[in-house]
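target.pdb (PDB, C-alpha atoms)
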ATOM      1  CA  MET A   1     -20.914  -3.447 -42.771
ATOM      2  CA  LEU A   2     -20.409  -6.616 -40.754
ATOM      3  CA  ALA A   3     -16.713  -6.794 -41.685
ATOM      4  CA  LYS A   4     -16.268  -3.178 -40.668
ATOM      5  CA  ASP A   5     -17.790  -3.871 -37.269
ATOM      6  CA  ILE A   6     -15.594  -6.921 -36.737
ATOM      7  CA  THR A   7     -12.364  -5.097 -37.503
ATOM      8  CA  ARG A   8     -13.226  -2.038 -35.442
ATOM      9  CA  PRO A   9     -10.707  -1.584 -32.572
ATOM     10  CA  PHE A  10     -11.933  -2.466 -29.111
ATOM     11  CA  ASP A  11     -12.577   0.422 -26.740
ATOM     12  CA  LEU A  12     -11.052  -1.007 -23.586
ATOM     13  CA  LYS A  13     -11.570   0.577 -20.197
ATOM     14  CA  GLY A  14      -9.114   0.535 -17.315
ATOM     15  CA  ALA A  15      -8.626  -2.487 -15.081
ATOM     16  CA  PRO A  16     -10.313  -4.563 -13.779
ATOM     17  CA  GLN A  17     -11.633  -6.146 -16.996
ATOM     18  CA  ILE A  18     -12.432  -9.686 -15.794
ATOM     19  CA  ALA A  19     -16.125 -10.331 -15.211
ATOM     20  CA  GLY A  20     -17.013 -11.708 -11.810
ATOM     21  CA  PRO A  21     -19.151 -11.196  -8.696
ATOM     22  CA  LYS A  22     -16.708  -8.657  -7.253
ATOM     23  CA  THR A  23     -16.742  -5.058  -8.451
ATOM     24  CA  THR A  24     -14.310  -2.234  -7.793
ATOM     25  CA  ARG A  25     -16.702  -0.870  -5.192
ATOM     26  CA  THR A  26     -17.053  -4.167  -3.309
ATOM     27  CA  ILE A  27     -13.282  -4.722  -3.348
ATOM     28  CA  MET A  28     -12.617  -1.240  -2.007
ATOM     29  CA  ARG A  29     -15.343  -1.721   0.582
ATOM     30  CA  ASP A  30     -13.609  -4.865   1.817
ATOM     31  CA  VAL A  31     -10.290  -3.015   2.013
ATOM     32  CA  LEU A  32     -11.918  -0.271   4.081
ATOM     33  CA  ILE A  33     -13.404  -2.902   6.394
ATOM     34  CA  ALA A  34      -9.970  -4.518   6.739
ATOM     35  CA  LEU A  35      -8.408  -1.138   7.576
ATOM     36  CA  THR A  36     -11.011  -0.347  10.242
ATOM     37  CA  PRO A  37      -9.206  -2.150  13.127
ATOM     38  CA  ALA A  38      -5.995  -0.237  12.372
ATOM     39  CA  CYS A  39      -7.895   3.056  12.179
ATOM     40  CA  VAL A  40      -9.639   2.438  15.493
ATOM     41  CA  ALA A  41      -6.362   1.372  17.115
ATOM     42  CA  SER A  42      -4.564   4.505  15.883
ATOM     43  CA  VAL A  43      -7.253   6.750  17.376
ATOM     44  CA  VAL A  44      -7.123   4.860  20.678
ATOM     45  CA  ILE A  45      -3.318   5.040  20.765
ATOM     46  CA  PHE A  46      -2.775   8.619  19.542
ATOM     47  CA  GLY A  47      -6.069  10.292  20.344
ATOM     48  CA  LEU A  48      -7.938  13.034  18.496
ATOM     49  CA  ASP A  49      -4.921  13.978  16.376
ATOM     50  CA  ALA A  50      -5.021  10.595  14.609
ATOM     51  CA  ALA A  51      -8.743  10.981  13.954
ATOM     52  CA  ILE A  52      -8.155  14.422  12.420
ATOM     53  CA  VAL A  53      -5.401  13.154  10.104
ATOM     54  CA  LEU A  54      -7.551  10.198   9.019
ATOM     55  CA  ALA A  55     -10.697  12.229   8.405
ATOM     56  CA  LEU A  56      -8.872  15.055   6.627
ATOM     57  CA  SER A  57      -6.896  12.682   4.397
ATOM     58  CA  VAL A  58     -10.018  10.800   3.286
ATOM     59  CA  LEU A  59     -12.003  14.010   2.814
ATOM     60  CA  CYS A  60      -9.268  15.627   0.721
ATOM     61  CA  CYS A  61      -8.675  12.545  -1.446
ATOM     62  CA  VAL A  62     -12.383  12.149  -2.170
ATOM     63  CA  GLY A  63     -12.768  15.887  -2.707
ATOM     64  CA  PHE A  64      -9.847  16.151  -5.124
ATOM     65  CA  GLU A  65     -11.143  13.222  -7.182
ATOM     66  CA  TYR A  66     -14.641  14.715  -7.234
ATOM     67  CA  LEU A  67     -13.330  18.110  -8.380
ATOM     68  CA  TRP A  68     -11.105  16.495 -11.011
ATOM     69  CA  CYS A  69     -14.054  14.632 -12.525
ATOM     70  CA  ARG A  70     -16.114  17.820 -12.506
ATOM     71  CA  PHE A  71     -13.254  19.748 -14.120
ATOM     72  CA  ARG A  72     -12.874  17.167 -16.899
ATOM     73  CA  LYS A  73     -16.648  16.714 -17.209
ATOM     74  CA  VAL A  74     -16.455  12.932 -16.936
ATOM     75  CA  ASP A  75     -18.435  10.413 -14.896
ATOM     76  CA  GLN A  76     -17.820  10.616 -11.176
ATOM     77  CA  THR A  77     -15.563   7.875  -9.794
ATOM     78  CA  VAL A  78     -15.660   8.776  -6.095
ATOM     79  CA  PHE A  79     -18.451   6.260  -5.534
ATOM     80  CA  ASP A  80     -16.157   3.310  -6.300
ATOM     81  CA  LEU A  81     -14.473   4.078  -2.912
ATOM     82  CA  SER A  82     -10.945   3.921  -4.356
ATOM     83  CA  ALA A  83     -10.247   7.533  -3.351
ATOM     84  CA  ALA A  84     -11.401   6.772   0.197
ATOM     85  CA  VAL A  85      -9.024   3.796   0.355
ATOM     86  CA  THR A  86      -6.170   5.995  -0.854
ATOM     87  CA  GLY A  87      -7.044   8.535   1.834
ATOM     88  CA  VAL A  88      -6.950   5.959   4.613
ATOM     89  CA  LEU A  89      -3.692   4.410   3.371
ATOM     90  CA  LEU A  90      -2.077   7.850   3.062
ATOM     91  CA  ALA A  91      -3.104   8.659   6.639
ATOM     92  CA  MET A  92      -1.743   5.303   7.789
ATOM     93  CA  ASN A  93       1.628   6.420   6.392
ATOM     94  CA  CYS A  94       1.611   9.726   8.283
ATOM     95  CA  PRO A  95       2.283  10.582  11.935
ATOM     96  CA  ALA A  96      -0.559  11.921  14.072
ATOM     97  CA  THR A  97       1.338  15.208  14.452
ATOM     98  CA  LEU A  98       1.404  16.015  10.714
ATOM     99  CA  PRO A  99       0.101  19.572  10.164
ATOM    100  CA  VAL A 100      -3.162  20.015   8.284
ATOM    101  CA  PRO A 101      -1.666  21.776   5.193
ATOM    102  CA  MET A 102       0.786  18.902   4.686
ATOM    103  CA  VAL A 103      -2.028  16.341   4.781
ATOM    104  CA  VAL A 104      -3.830  18.335   2.084
ATOM    105  CA  VAL A 105      -0.679  18.474  -0.066
ATOM    106  CA  GLY A 106      -0.121  14.733   0.333
ATOM    107  CA  ALA A 107      -3.709  14.004  -0.725
ATOM    108  CA  PHE A 108      -3.338  16.245  -3.778
ATOM    109  CA  VAL A 109      -0.159  14.468  -4.886
ATOM    110  CA  ALA A 110      -1.673  11.024  -4.285
ATOM    111  CA  ILE A 111      -4.929  11.634  -6.165
ATOM    112  CA  ILE A 112      -4.131  14.192  -8.842
ATOM    113  CA  VAL A 113      -0.463  13.564  -9.597
ATOM    114  CA  ALA A 114      -0.100   9.828  -8.980
ATOM    115  CA  LYS A 115      -3.574   8.705 -10.071
ATOM    116  CA  GLU A 116      -5.653  11.072 -12.190
ATOM    117  CA  LEU A 117      -2.877  12.451 -14.403
ATOM    118  CA  PHE A 118      -2.217   8.856 -15.482
ATOM    119  CA  GLY A 119      -5.856   8.290 -16.395
ATOM    120  CA  GLY A 120      -7.507   7.360 -13.102
ATOM    121  CA  ILE A 121      -8.121   4.016 -11.435
ATOM    122  CA  GLY A 122      -6.600   1.081 -13.278
ATOM    123  CA  ARG A 123      -4.090   3.219 -15.175
ATOM    124  CA  ASN A 124      -1.768   4.555 -12.472
ATOM    125  CA  ILE A 125       1.722   3.058 -12.577
ATOM    126  CA  ALA A 126       2.447   3.455  -8.859
ATOM    127  CA  ASN A 127       0.446   3.170  -5.660
ATOM    128  CA  PRO A 128      -1.001   6.668  -5.049
ATOM    129  CA  ALA A 129      -0.725   6.484  -1.264
ATOM    130  CA  ILE A 130       2.940   5.500  -1.485
ATOM    131  CA  VAL A 131       3.694   8.343  -3.892
ATOM    132  CA  GLY A 132       1.978  10.749  -1.496
ATOM    133  CA  ARG A 133       3.932   9.400   1.470
ATOM    134  CA  ILE A 134       7.298   9.608  -0.294
ATOM    135  CA  PHE A 135       6.544  13.136  -1.516
ATOM    136  CA  LEU A 136       5.757  14.226   2.047
ATOM    137  CA  ALA A 137       8.852  12.473   3.420
ATOM    138  CA  LEU A 138      11.113  14.227   0.889
ATOM    139  CA  SER A 139       9.412  17.613   1.131
ATOM    140  CA  PHE A 140       8.760  17.766   4.875
ATOM    141  CA  PRO A 141      11.267  15.379   6.488
ATOM    142  CA  ALA A 142      11.134  16.948   9.947
ATOM    143  CA  ALA A 143       7.335  16.816  10.171
ATOM    144  CA  MET A 144       7.214  13.244   8.859
ATOM    145  CA  ALA A 145       9.827  12.162  11.413
ATOM    146  CA  THR A 146       8.136  13.726  14.455
ATOM    147  CA  PHE A 147       6.010  11.206  16.289
ATOM    148  CA  GLU A 148       3.649  11.494  19.202
ATOM    149  CA  VAL A 149       4.211   9.360  22.276
ATOM    150  CA  PRO A 150       1.278   6.926  22.500
ATOM    151  CA  ARG A 151      -1.372   8.061  24.976
ATOM    152  CA  LEU A 152      -1.710   4.497  26.221
ATOM    153  CA  VAL A 153       1.740   4.996  27.744
ATOM    154  CA  VAL A 154       1.769   8.634  28.875
ATOM    155  CA  GLY A 155      -1.919   9.221  29.538
ATOM    156  CA  ASN A 156      -3.080  12.712  28.515
ATOM    157  CA  ALA A 157       0.379  14.172  27.970
ATOM    158  CA  ASP A 158       0.911  16.917  25.396
ATOM    159  CA  LEU A 159       2.465  16.297  21.993
ATOM    160  CA  VAL A 160       6.124  15.406  22.180
ATOM    161  CA  SER A 161       8.702  14.220  19.704
ATOM    162  CA  SER A 162       9.699  10.593  19.910
ATOM    163  CA  ALA A 163      11.906   8.346  17.809
ATOM    164  CA  THR A 164      10.365   5.520  15.826
ATOM    165  CA  PRO A 165      11.671   2.082  16.885
ATOM    166  CA  LEU A 166      13.561   1.908  13.577
ATOM    167  CA  ALA A 167      15.655   4.963  14.446
ATOM    168  CA  PRO A 168      19.216   4.122  15.586
ATOM    169  CA  SER A 169      18.778   6.166  18.782
ATOM    170  CA  ALA A 170      15.522   4.499  19.783
ATOM    171  CA  ALA A 171      15.273   1.745  22.334
ATOM    172  CA  THR A 172      13.923  -1.538  20.996
ATOM    173  CA  PRO A 173      10.323  -1.961  22.191
ATOM    174  CA  THR A 174       9.135  -5.188  23.720
ATOM    175  CA  LEU A 175       7.208  -7.751  21.683
ATOM    176  CA  MET A 176       3.998  -6.785  23.490
ATOM    177  CA  GLN A 177       4.539  -3.108  22.653
ATOM    178  CA  LEU A 178       5.030  -3.990  18.995
ATOM    179  CA  LEU A 179       1.878  -6.113  18.919
ATOM    180  CA  LEU A 180      -0.343  -3.569  20.684
ATOM    181  CA  GLY A 181       1.215  -0.492  19.098
ATOM    182  CA  THR A 182       2.214   1.331  22.273
ATOM    183  CA  HIS A 183       5.279   2.868  20.656
ATOM    184  CA  ALA A 184       6.024   5.809  18.399
ATOM    185  CA  GLY A 185       5.404   5.620  14.665
ATOM    186  CA  THR A 186       2.971   6.524  11.906
ATOM    187  CA  LEU A 187      -0.672   5.564  12.294
ATOM    188  CA  GLY A 188      -0.164   2.339  10.335
ATOM    189  CA  GLU A 189       3.156   1.341  11.862
ATOM    190  CA  THR A 190       2.019   0.697  15.401
ATOM    191  CA  CYS A 191      -0.711  -1.837  16.245
ATOM    192  CA  SER A 192       0.429  -5.053  14.556
ATOM    193  CA  VAL A 193      -2.547  -7.040  15.843
ATOM    194  CA  ALA A 194      -4.988  -4.734  14.030
ATOM    195  CA  LEU A 195      -3.024  -4.979  10.772
ATOM    196  CA  ILE A 196      -2.841  -8.777  11.003
ATOM    197  CA  LEU A 197      -6.605  -8.963  11.550
ATOM    198  CA  GLY A 198      -7.186  -6.767   8.516
ATOM    199  CA  MET A 199      -4.842  -8.829   6.361
ATOM    200  CA  ALA A 200      -6.536 -12.042   7.471
ATOM    201  CA  TYR A 201      -9.936 -10.604   6.507
ATOM    202  CA  LEU A 202      -8.706  -9.759   3.011
ATOM    203  CA  ILE A 203      -7.280 -13.252   2.554
ATOM    204  CA  VAL A 204     -10.406 -15.005   3.863
ATOM    205  CA  THR A 205     -12.688 -12.937   1.604
ATOM    206  CA  ARG A 206     -10.288 -13.608  -1.299
ATOM    207  CA  THR A 207      -9.842  -9.909  -1.849
ATOM    208  CA  ILE A 208      -6.081 -10.505  -2.027
ATOM    209  CA  ARG A 209      -4.037 -13.613  -2.775
ATOM    210  CA  TRP A 210      -2.249 -15.081   0.229
ATOM    211  CA  GLU A 211       0.849 -15.811  -1.849
ATOM    212  CA  MET A 212       1.850 -12.129  -2.016
ATOM    213  CA  PRO A 213       1.996 -11.227   1.707
ATOM    214  CA  ALA A 214       3.377 -14.691   2.474
ATOM    215  CA  THR A 215       6.205 -14.275  -0.045
ATOM    216  CA  TYR A 216       6.990 -10.739   1.086
ATOM    217  CA  LEU A 217       6.988 -11.545   4.813
ATOM    218  CA  GLY A 218       8.772 -14.873   4.332
ATOM    219  CA  ALA A 219      11.576 -13.287   2.318
ATOM    220  CA  ILE A 220      12.037 -10.572   4.940
ATOM    221  CA  CYS A 221      12.259 -13.247   7.660
ATOM    222  CA  VAL A 222      14.955 -15.121   5.727
ATOM    223  CA  LEU A 223      16.957 -11.992   4.931
ATOM    224  CA  SER A 224      16.695 -10.782   8.529
ATOM    225  CA  ALA A 225      17.949 -14.099   9.876
ATOM    226  CA  VAL A 226      20.844 -14.122   7.403
ATOM    227  CA  CYS A 227      21.838 -10.611   8.501
ATOM    228  CA  GLY A 228      21.733 -11.586  12.180
ATOM    229  CA  ARG A 229      18.508  -9.744  13.038
ATOM    230  CA  ASN A 230      15.370 -10.912  14.782
ATOM    231  CA  PRO A 231      12.885 -11.734  11.972
ATOM    232  CA  LEU A 232       9.804 -11.309  14.175
ATOM    233  CA  VAL A 233      10.893  -7.894  15.413
ATOM    234  CA  GLU A 234      11.721  -6.753  11.878
ATOM    235  CA  ILE A 235       8.247  -7.702  10.634
ATOM    236  CA  LEU A 236       6.418  -6.050  13.534
ATOM    237  CA  GLU A 237       8.447  -2.839  13.352
ATOM    238  CA  GLY A 238       7.722  -0.097  10.841
ATOM    239  CA  GLY A 239       5.384  -0.437   7.885
ATOM    240  CA  ILE A 240       6.075  -3.996   6.741
ATOM    241  CA  LEU A 241       2.702  -5.393   7.811
ATOM    242  CA  LEU A 242       0.857  -2.420   6.312
ATOM    243  CA  GLY A 243       2.786  -2.846   3.085
ATOM    244  CA  ALA A 244       2.303  -6.632   2.995
ATOM    245  CA  GLY A 245      -1.459  -6.557   3.401
ATOM    246  CA  PHE A 246      -2.554  -3.344   1.739
ATOM    247  CA  MET A 247       0.052  -1.981  -0.702
ATOM    248  CA  VAL A 248       2.112  -4.846  -2.123
ATOM    249  CA  THR A 249      -1.195  -6.474  -3.059
ATOM    250  CA  ASP A 250      -2.592  -3.486  -4.971
ATOM    251  CA  TYR A 251      -4.331  -4.823  -8.097
ATOM    252  CA  THR A 252      -3.274  -2.110 -10.510
ATOM    253  CA  THR A 253       0.381  -1.750  -9.562
ATOM    254  CA  SER A 254       1.317  -5.411  -9.094
ATOM    255  CA  PRO A 255       1.934  -8.142 -11.724
ATOM    256  CA  HIS A 256      -0.933 -10.234 -13.076
ATOM    257  CA  THR A 257       0.598 -13.734 -12.979
ATOM    258  CA  ILE A 258       1.560 -15.830  -9.961
ATOM    259  CA  GLY A 259       5.192 -15.991 -11.067
ATOM    260  CA  GLY A 260       5.261 -12.248 -11.569
ATOM    261  CA  LYS A 261       3.704 -11.616  -8.167
ATOM    262  CA  VAL A 262       6.336 -13.790  -6.460
ATOM    263  CA  VAL A 263       9.193 -11.976  -8.207
ATOM    264  CA  PHE A 264       7.573  -8.637  -7.372
ATOM    265  CA  CYS A 265       7.292  -9.490  -3.665
ATOM    266  CA  LEU A 266      10.822 -10.886  -3.507
ATOM    267  CA  GLY A 267      12.112  -7.659  -5.037
ATOM    268  CA  CYS A 268      10.146  -5.583  -2.520
ATOM    269  CA  ALA A 269      11.524  -7.648   0.367
ATOM    270  CA  LEU A 270      15.120  -7.400  -0.865
ATOM    271  CA  ILE A 271      15.013  -3.623  -1.332
ATOM    272  CA  THR A 272      13.233  -3.137   2.000
ATOM    273  CA  CYS A 273      15.962  -5.034   3.847
ATOM    274  CA  LEU A 274      18.792  -3.348   1.946
ATOM    275  CA  ILE A 275      17.475   0.096   2.887
ATOM    276  CA  ARG A 276      16.742  -0.889   6.480
ATOM    277  CA  PHE A 277      19.987  -2.734   7.179
ATOM    278  CA  PHE A 278      22.514  -0.786   5.127
ATOM    279  CA  GLY A 279      20.896   2.491   4.018
ATOM    280  CA  ASN A 280      20.603   5.912   5.616
ATOM    281  CA  LEU A 281      16.809   5.730   5.858
ATOM    282  CA  ASN A 282      15.060   4.148   8.826
ATOM    283  CA  GLU A 283      12.308   2.620   6.691
ATOM    284  CA  GLY A 284      12.375   1.182   3.184
ATOM    285  CA  VAL A 285       8.919  -0.286   2.584
ATOM    286  CA  ALA A 286       7.472   2.621   0.604
ATOM    287  CA  TYR A 287      10.590   3.082  -1.536
ATOM    288  CA  SER A 288      10.849  -0.625  -2.297
ATOM    289  CA  ILE A 289       7.219  -0.875  -3.419
ATOM    290  CA  LEU A 290       7.496   2.267  -5.550
ATOM    291  CA  PHE A 291      10.642   0.954  -7.258
ATOM    292  CA  MET A 292       9.056  -2.422  -7.970
ATOM    293  CA  ASN A 293       5.851  -0.707  -9.217
ATOM    294  CA  LEU A 294       7.940   0.821 -11.989
ATOM    295  CA  LEU A 295       9.207  -2.640 -12.975
ATOM    296  CA  VAL A 296       5.760  -4.266 -13.170
ATOM    297  CA  PRO A 297       5.344  -3.836 -16.976
ATOM    298  CA  HIS A 298       8.689  -5.564 -17.532
ATOM    299  CA  ILE A 299       7.849  -8.353 -15.065
ATOM    300  CA  ASP A 300       4.528  -8.911 -16.828
ATOM    301  CA  ARG A 301       6.314  -9.266 -20.169
ATOM    302  CA  VAL A 302       8.520 -12.034 -18.768
ATOM    303  CA  PHE A 303       5.708 -13.906 -17.003
ATOM    304  CA  VAL A 304       2.999 -13.386 -19.599
ATOM    305  CA  ASN A 305       0.272 -16.027 -19.806
ATOM    306  CA  VAL A 306       0.054 -17.835 -23.160
ATOM    307  CA  PRO A 307      -3.562 -17.751 -24.481
ATOM    308  CA  LEU A 308      -5.089 -21.193 -24.964
ATOM    309  CA  GLY A 309      -5.247 -22.322 -28.599
ATOM    310  CA  THR A 310      -2.614 -19.952 -29.976
ATOM    311  CA  GLU A 311       0.414 -21.017 -31.979
ATOM    312  CA  SER A 312       2.650 -20.354 -28.951
ATOM    313  CA  ALA A 313       0.504 -22.632 -26.807
ATOM    314  CA  ARG A 314       0.679 -25.407 -29.407
ATOM    315  CA  LYS A 315       4.462 -25.088 -29.620
ATOM    316  CA  ASN A 316       4.761 -25.294 -25.831
ATOM    317  CA  LYS A 317       2.535 -28.391 -25.850
ATOM    318  CA  ARG A 318       4.681 -30.116 -28.484
ATOM    319  CA  LYS A 319       7.820 -29.276 -26.503
ATOM    320  CA  GLY A 320       6.247 -30.736 -23.387
ATOM    321  CA  GLY A 321       5.372 -33.917 -25.241
ATOM    322  CA  GLU A 322       8.925 -34.317 -26.455
TER     323      GLU A 322
END
What do you get writing this file as structure tokens?
Amino acid sequence: MLAKDITRPFDLKGAPQIAGPKTTRTIMRDVLIALTPACVASVVIFGLDAAIVLALSVLCCVGFEYLWCRFRKVDQTVFDLSAAVTGVLLAMNCPATLPVPMVVVGAFVAIIVAKELFGGIGRNIANPAIVGRIFLALSFPAAMATFEVPRLVVGNADLVSSATPLAPSAATPTLMQLLLGTHAGTLGETCSVALILGMAYLIVTRTIRWEMPATYLGAICVLSAVCGRNPLVEILEGGILLGAGFMVTDYTTSPHTIGGKVVFCLGCALITCLIRFFGNLNEGVAYSILFMNLLVPHIDRVFVNVPLGTESARKNKRKGGE
């Protein structure tokens, strides 16, 4: 009986599996706190429309996850706050002018298609919010490329179309406009100060490792300088800061080792710059992260940690001694 129990296969749950003071709920709570400055800034800059997109995205993501758990008759997972984080990140990747039905479709794709069909939290192979954003961009390109002029600039003007700073026809905004977010863009591509504050909070609370955003941003600076572009402007424009602090660092869809994380971030930076500088798309952050998400299992195989006390570890020790 004892031997049978010992040889019984382990019933492993999804990540995270490492015991510690942090839980999925506390981690997601910290991410929501870090996103709060960007959410507040987007509402101040774009008005009620931004608040509607944010609230609807979160409500739909939480609702779809709740209904999915009810449909499958499994324990509810909405209370771990991961669906709420996905909702906020999806909204951050959308313009304030996005119609309500499209927000609902994006939330459905993010939660059901990109997350739950793969087994739920810890088992998805790509960041759900990024999958939702790319699906919306491919399915509704006109709506996803129509931006509202910031109300901080035009007061109480009606909705108008405006080019994102990354568009070839758009005038380059000043450094102050990029920092404060008084330019056209998605909700999470405007106020750089708010995103930097959120990223700093995650690093200070050790919710994310500083090496990942530092590697990603540093590589983009180097590549921008090599290509004759202003590194600071490139980082402050578009979704690079949002990607660096909140999506590149996703626990489930990024490598587990330090070496793997560095390679992952370098790959994201390279693809982002290639798309931005030489591609037909204005922005490449989401596509670069999605592509590298698919390579994570292969990166983990290359940079796998050797368990202490195994034959491989002993061989490596003997080699080091030689």
List the spatial neighbours of Ala50 in chain A as a list in words - criterion: any atom at most 8 Å away, only C-alpha atoms, same-chain residues fewer than 3 positions off excluded.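 Residues meeting the cut-off are Ser42, Val43, Phe46, Gly47, Val53, Leu54, Pro95, Ala96, Thr97 and Leu187 of chain A.
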For a quick check of understanding, using all atoms listed in the file, which of A:Cys265, A:Leu179, A:Val100, A:Val131 has the smallest distance to Ala214 in chain A? A:Cys265
Since I can't run it myself right now, could you work out what the PyMOL selection byres ((chain A and resi 192) around 12) selects here and report it as a VMD selection string? chain A and resid 35 37 to 39 41 to 42 175 to 183 185 187 to 191 193 to 199 232 to 245
I'd like to see the residues matched by the PyMOL selection byres ((chain A and resi 93) around 7) on this file, and ideally I'd get them as a list in words.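 On the file shown, the PyMOL selection byres ((chain A and resi 93) around 7) covers Leu89, Leu90, Ala91, Met92, Cys94, Pro95, Arg133, Thr186, Leu187 and Gly188 of chain A.
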Expanded to explicit residues, what is the PyMOL selection byres ((chain A and resi 303) around 9) for this file, as a list of chain:residue names? A:Pro255, A:His256, A:Thr257, A:Ile258, A:Gly259, A:Gly260, A:His298, A:Ile299, A:Asp300, A:Arg301, A:Val302, A:Val304, A:Asn305
Applying 10 Å and only C-alpha atoms, which residues near Gly218 in chain A remain after dropping the ones on its own chain fewer than 4 positions away? List them as a count of residues only. 11
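Taking CA of Ser82 in chain A and CA of Ala51 in chain A as the two end points, the separation is 19.7 Å.
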Counting only C-alpha atoms, which residue out of A:Leu270, A:Leu281, A:Ile208, A:Ile111 sits closest to Leu138 in chain A?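 Once distances to Leu138 in chain A are computed over only C-alpha atoms, the minimum belongs to A:Leu281.
Shortest separation to Cys69 in chain A among A:Ile289, A:Ile275, A:Leu117, A:Val88 occurs at residue A:Leu117, atoms counted being all atoms listed in the file.
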Mind checking which residues fall within 10 Å of Cys273 in chain A, counting only C-alpha atoms, ignoring those fewer than 4 positions away in the same chain, and posting them as a PyMOL selection string? chain A and resi 219-221+223-224+227+234+268-269+277-279+283-285+288
So that all listed atoms of range 99-114 of chain A fit with 8 Å spare on each side, what axis-aligned box centre and edge lengths in Å, to one decimal, would you give as AutoDock Vina command-line options?
--center_x -2.1 --center_y 15.8 --center_z 0.3 --size_x 21.7 --size_y 27.9 --size_z 35.8
From the set A:Glu116, A:Asp80, A:Asp30, A:Glu65, which residue has the shortest atom-to-atom contact distance to Val204 in chain A, counting only C-alpha atoms?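 Checking each candidate against Val204 in chain A, we get A:Asp30 as the closest.
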Expressed in Å to a single decimal, how great is the separation between CA of Arg123 in chain A and CA of Tyr201 in chain A? 26.4 Å
Using all atoms listed in the file, which residue out of A:Phe79, A:Phe135, A:Tyr287, A:Trp210 lies closest to Met102 in chain A? A:Phe135
How many Å lie between CA of Val31 in chain A and CA of Lys261 in chain A, rounded to one decimal? 19.3 Å
Of the residues A:Tyr216, A:Arg276, A:Phe71, A:Phe64, which is the one nearest to Val113 in chain A, using all atoms listed in the file? A:Phe64
If you count all atoms listed in the file, which residues fall within 10 Å of Val104 in chain A, apart from same-chain ones fewer than 5 positions away, as a ChimeraX atom specification? /A:53,56-61,64,99,109-110
